[in-house]
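Student: Input file: final_13.csv. Contents: CSV, C-alpha atoms and all ligand atoms.
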chain,number,residue,atom,x,y,z
A,14,MET,CA,-61.1,45.7,39.0
A,15,PHE,CA,-60.1,45.5,35.4
A,16,LYS,CA,-61.3,41.9,35.1
A,17,LYS,CA,-64.5,42.7,36.9
A,18,LEU,CA,-65.2,45.5,34.4
A,19,LEU,CA,-64.4,43.3,31.4
A,20,ARG,CA,-66.9,40.7,32.7
A,21,LEU,CA,-69.5,43.4,32.8
A,22,ILE,CA,-68.9,44.7,29.3
A,23,ARG,CA,-67.9,41.5,27.6
A,24,GLY,CA,-69.6,41.3,24.3
A,25,ALA,CA,-70.2,45.1,24.4
A,26,ARG,CA,-69.3,47.4,21.5
A,27,VAL,CA,-68.2,50.9,21.9
A,28,ALA,CA,-68.3,53.4,19.0
A,29,VAL,CA,-65.6,56.0,18.7
A,30,PRO,CA,-66.4,58.7,16.1
A,31,GLY,CA,-63.8,60.6,14.1
A,32,THR,CA,-61.2,57.9,13.7
A,33,ASP,CA,-60.9,58.8,10.0
A,34,ALA,CA,-58.8,61.8,11.1
A,35,LEU,CA,-56.3,59.5,12.8
A,36,GLU,CA,-53.4,59.4,10.3
A,37,GLU,CA,-51.0,56.5,9.6
A,38,GLY,CA,-48.5,56.1,12.4
A,39,GLN,CA,-50.4,58.1,14.9
A,40,ALA,CA,-52.1,57.1,18.2
A,41,ARG,CA,-54.9,58.8,20.1
A,42,LYS,CA,-56.1,58.0,23.7
A,43,VAL,CA,-59.8,57.3,24.3
A,44,SER,CA,-61.5,56.7,27.7
A,45,ILE,CA,-64.1,54.0,28.0
A,46,GLY,CA,-66.1,54.7,31.1
A,47,ASP,CA,-64.6,56.6,34.0
A,48,PRO,CA,-61.0,55.6,34.5
A,49,LEU,CA,-61.2,56.6,38.2
A,50,ALA,CA,-64.1,54.1,38.6
A,51,GLY,CA,-62.5,51.1,36.9
A,52,GLY,CA,-63.0,52.3,33.3
A,53,LEU,CA,-60.4,51.8,30.6
A,54,GLU,CA,-58.1,54.0,28.7
A,55,LEU,CA,-57.2,52.7,25.2
A,56,LEU,CA,-54.8,53.8,22.6
A,57,LEU,CA,-56.2,53.8,19.1
A,58,CYS,CA,-53.4,53.4,16.7
A,59,ARG,CA,-53.4,53.4,12.9
A,60,VAL,CA,-50.9,50.9,11.5
A,61,GLU,CA,-50.9,49.8,7.9
A,62,GLY,CA,-54.1,51.6,7.3
A,63,LYS,CA,-56.1,49.9,10.1
A,64,ILE,CA,-57.1,51.0,13.5
A,65,HIS,CA,-55.9,48.9,16.5
A,66,ALA,CA,-56.9,49.3,20.1
A,67,VAL,CA,-54.5,48.6,22.9
A,68,ASP,CA,-54.9,49.1,26.7
A,69,THR,CA,-52.7,52.0,27.8
A,70,ARG,CA,-51.7,50.1,30.9
A,71,CYS,CA,-48.2,48.7,30.3
A,72,PRO,CA,-47.9,45.0,31.1
A,73,HIS,CA,-44.3,45.5,32.3
A,74,GLU,CA,-44.3,47.5,35.6
A,75,GLY,CA,-47.3,49.8,35.7
A,76,GLY,CA,-46.4,52.5,33.2
A,77,TYR,CA,-48.8,53.8,30.5
A,78,LEU,CA,-48.5,53.7,26.8
A,79,VAL,CA,-48.6,57.2,25.4
A,80,PRO,CA,-50.5,58.8,22.5
A,81,GLY,CA,-48.8,60.7,19.7
A,82,PRO,CA,-46.6,59.5,16.8
A,83,LEU,CA,-45.9,55.7,17.0
A,84,MET,CA,-42.3,54.7,17.3
A,85,GLU,CA,-41.0,53.8,13.8
A,86,GLY,CA,-44.6,54.6,12.7
A,87,ARG,CA,-45.9,51.4,14.1
A,88,TYR,CA,-45.1,50.7,17.8
A,89,ALA,CA,-46.8,52.1,20.9
A,90,LEU,CA,-44.3,53.4,23.5
A,91,CYS,CA,-44.3,53.1,27.3
A,92,PRO,CA,-41.9,55.9,28.4
A,93,LEU,CA,-41.2,54.4,31.8
A,94,HIS,CA,-38.6,51.9,30.5
A,95,ASN,CA,-39.0,52.7,26.8
A,96,TYR,CA,-40.6,49.4,25.9
A,97,ARG,CA,-42.4,49.3,22.6
A,98,PHE,CA,-45.5,47.2,21.8
A,99,ASP,CA,-47.1,46.2,18.5
A,100,PRO,CA,-50.7,47.5,18.6
A,101,ARG,CA,-51.8,44.9,16.1
A,102,ASN,CA,-51.2,42.0,18.6
A,103,GLY,CA,-49.8,43.6,21.8
A,104,LYS,CA,-46.4,41.9,21.6
A,105,PRO,CA,-43.4,43.6,23.1
A,106,ILE,CA,-40.7,44.5,20.7
A,107,GLY,CA,-37.2,43.5,21.8
A,108,ALA,CA,-38.3,43.0,25.4
A,109,THR,CA,-39.4,40.2,27.5
A,110,CYS,CA,-42.6,41.0,29.3
A,111,PRO,CA,-46.3,40.0,28.8
A,112,LYS,CA,-48.3,41.2,25.8
A,113,ALA,CA,-50.2,44.4,26.1
A,114,LYS,CA,-54.0,43.8,26.1
A,115,VAL,CA,-55.5,44.5,22.6
A,116,PHE,CA,-59.2,44.7,21.5
A,117,LYS,CA,-60.8,44.0,18.2
A,118,VAL,CA,-61.7,47.0,16.2
A,119,VAL,CA,-63.9,47.4,13.1
A,120,GLU,CA,-63.8,50.8,11.4
A,121,GLU,CA,-66.5,51.9,9.1
A,122,ASP,CA,-67.6,55.4,7.9
A,123,GLY,CA,-65.0,57.2,9.9
A,124,GLN,CA,-66.1,55.5,13.1
A,125,ALA,CA,-64.3,52.7,15.0
A,126,GLU,CA,-66.3,50.1,16.9
A,127,ILE,CA,-64.3,48.5,19.7
A,128,ARG,CA,-65.4,45.1,20.6
A,129,PHE,CA,-64.9,43.7,24.1
B,201,LIG,S1,-43.5,50.0,32.9
B,201,LIG,FE1,-43.8,50.2,30.8
B,201,LIG,S2,-41.9,49.7,30.0
B,201,LIG,FE2,-41.6,49.4,32.1
Would you mind giving the structure from this file in C-alpha cells?
Ligand code: FES
Tutor:
Amino acid sequence: MFKKLLRLIRGARVAVPGTDALEEGQARKVSIGDPLAGGLELLLCRVEGKIHAVDTRCPHEGGYLVPGPLMEGRYALCPLHNYRFDPRNGKPIGATCPKAKVFKVVEEDGQAEIRF
C-alpha cells in the first residue's frame, strides 16, 4: 500500500504551514492524506536549525516514531524497543535495523515543502 501511494504521489510536493514554530530539538507529526486509506504520517523534526521529515513507521518491527522532544535533542524515538533514528538520514543509532524512510524538505517563509 505504501509503495503504491508513493508511486501515485512521486514528484508531488506537500506544503506544511507553521513550521517556523517548531523549535530546535522538537518533532511534530503531520498526516499526508488519510492514514486509514494508505496515507502517510510523517514526523517533522528540527535538527541543527533545519526541518527534516521522517516516516513515523519504524523500520524495526512495526512501531511508530513519536512526536515531542527529540532524544538528545536530535534523534526520533520509537518507544516500542527504544530505538532512535537520525531524522537527517533515517539511520538507526546504536541498533541494527533498516533506515527509517526520510523525505526531502525545503523550508521557506515559515512553511515546509515536503518533496516525494
Ligand atoms: S519497532 Fe520500533 S524499535 Fe522496535
Student: Counting only C-alpha atoms, which of A:Pro30, A:Gly76, A:Gly81, A:Gly46 gets nearest to Asn95 of chain A?
Tutor: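 The closest residue to Asn95 of chain A is A:Gly76.
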Student: Please give the centre and size of the box around segment 106-125 of chain A (axis-aligned, containing every atom listed in the file, 6 Å added per side), with values in Å to one decimal and written as AutoDock Vina command-line options.
Tutor:
--center_x -52.4 --center_y 48.6 --center_z 18.6 --size_x 42.4 --size_y 29.2 --size_z 33.4
Student: Give the answer as one residue: which of A:Glu126, A:Glu36, A:Glu85, A:Asp68 has the shortest atom-to-atom distance to Lys112 of chain A, using all atoms listed in the file?
Tutor: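 Ranking A:Glu126, A:Glu36, A:Glu85, A:Asp68 by distance to Lys112 of chain A, first place goes to A:Asp68.
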Student: How close does chain A get to ligand LIG 201 (chain B)? List, as a Markdown table, each residue of chain A within 7 Å, its nearest atom pair and the distance in Å to one decimal, counting all atoms listed in the file.
Tutor:
| residue | atom | partner | partner_atom | distance |
| --- | --- | --- | --- | --- |
| A:Cys71 | CA | B:LIG201 | FE1 | 4.7 |
| A:Pro72 | CA | B:LIG201 | FE1 | 6.6 |
| A:His73 | CA | B:LIG201 | S1 | 4.6 |
| A:Glu74 | CA | B:LIG201 | S1 | 3.8 |
| A:Gly75 | CA | B:LIG201 | S1 | 4.7 |
| A:Gly76 | CA | B:LIG201 | S1 | 3.8 |
| A:Tyr77 | CA | B:LIG201 | FE1 | 6.2 |
| A:Cys91 | CA | B:LIG201 | FE1 | 4.6 |
| A:Pro92 | CA | B:LIG201 | S2 | 6.4 |
| A:Leu93 | CA | B:LIG201 | FE2 | 5.0 |
| A:His94 | CA | B:LIG201 | S2 | 4.0 |
| A:Asn95 | CA | B:LIG201 | S2 | 5.3 |
| A:Tyr96 | CA | B:LIG201 | S2 | 4.3 |
Student: Which is closest to Asp122 of chain A among A:Val43, A:Val27, A:Ala34, A:Val60, if we use all atoms listed in the file?
Tutor: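 Of all the options, A:Ala34 lies closest to Asp122 of chain A.
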Student: Using only C-alpha atoms, which of A:Gln39, A:Ile64, A:Ser44, A:Gly51 sits nearest Val119 of chain A?
Tutor: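 The shortest atom-to-atom distance to Val119 of chain A comes from A:Ile64.
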Student: Hey, which of A:Leu53, A:Val115, A:Ala89, A:Val29 ends up closest to His65 of chain A? Count only C-alpha atoms.
Tutor: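 Looking at the shortest contact to His65 of chain A, the residue is A:Val115.
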Student: So the first atom is atom CA of Pro105 of chain A and the second is atom CA of Ile45 of chain A; what is the distance between them in Å, to one decimal place?
Tutor: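 Straight-line distance from atom CA of Pro105 of chain A to atom CA of Ile45 of chain A works out to 23.7 Å.
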Student: Please write as an NGL selection string the list of polymer residues whose atoms come within 7 Å of (-52.0, 57.6, 28.1), counting only C-alpha atoms and keeping to the coordinates of the file.
Tutor: :A and (42 or 69 or 77-80)
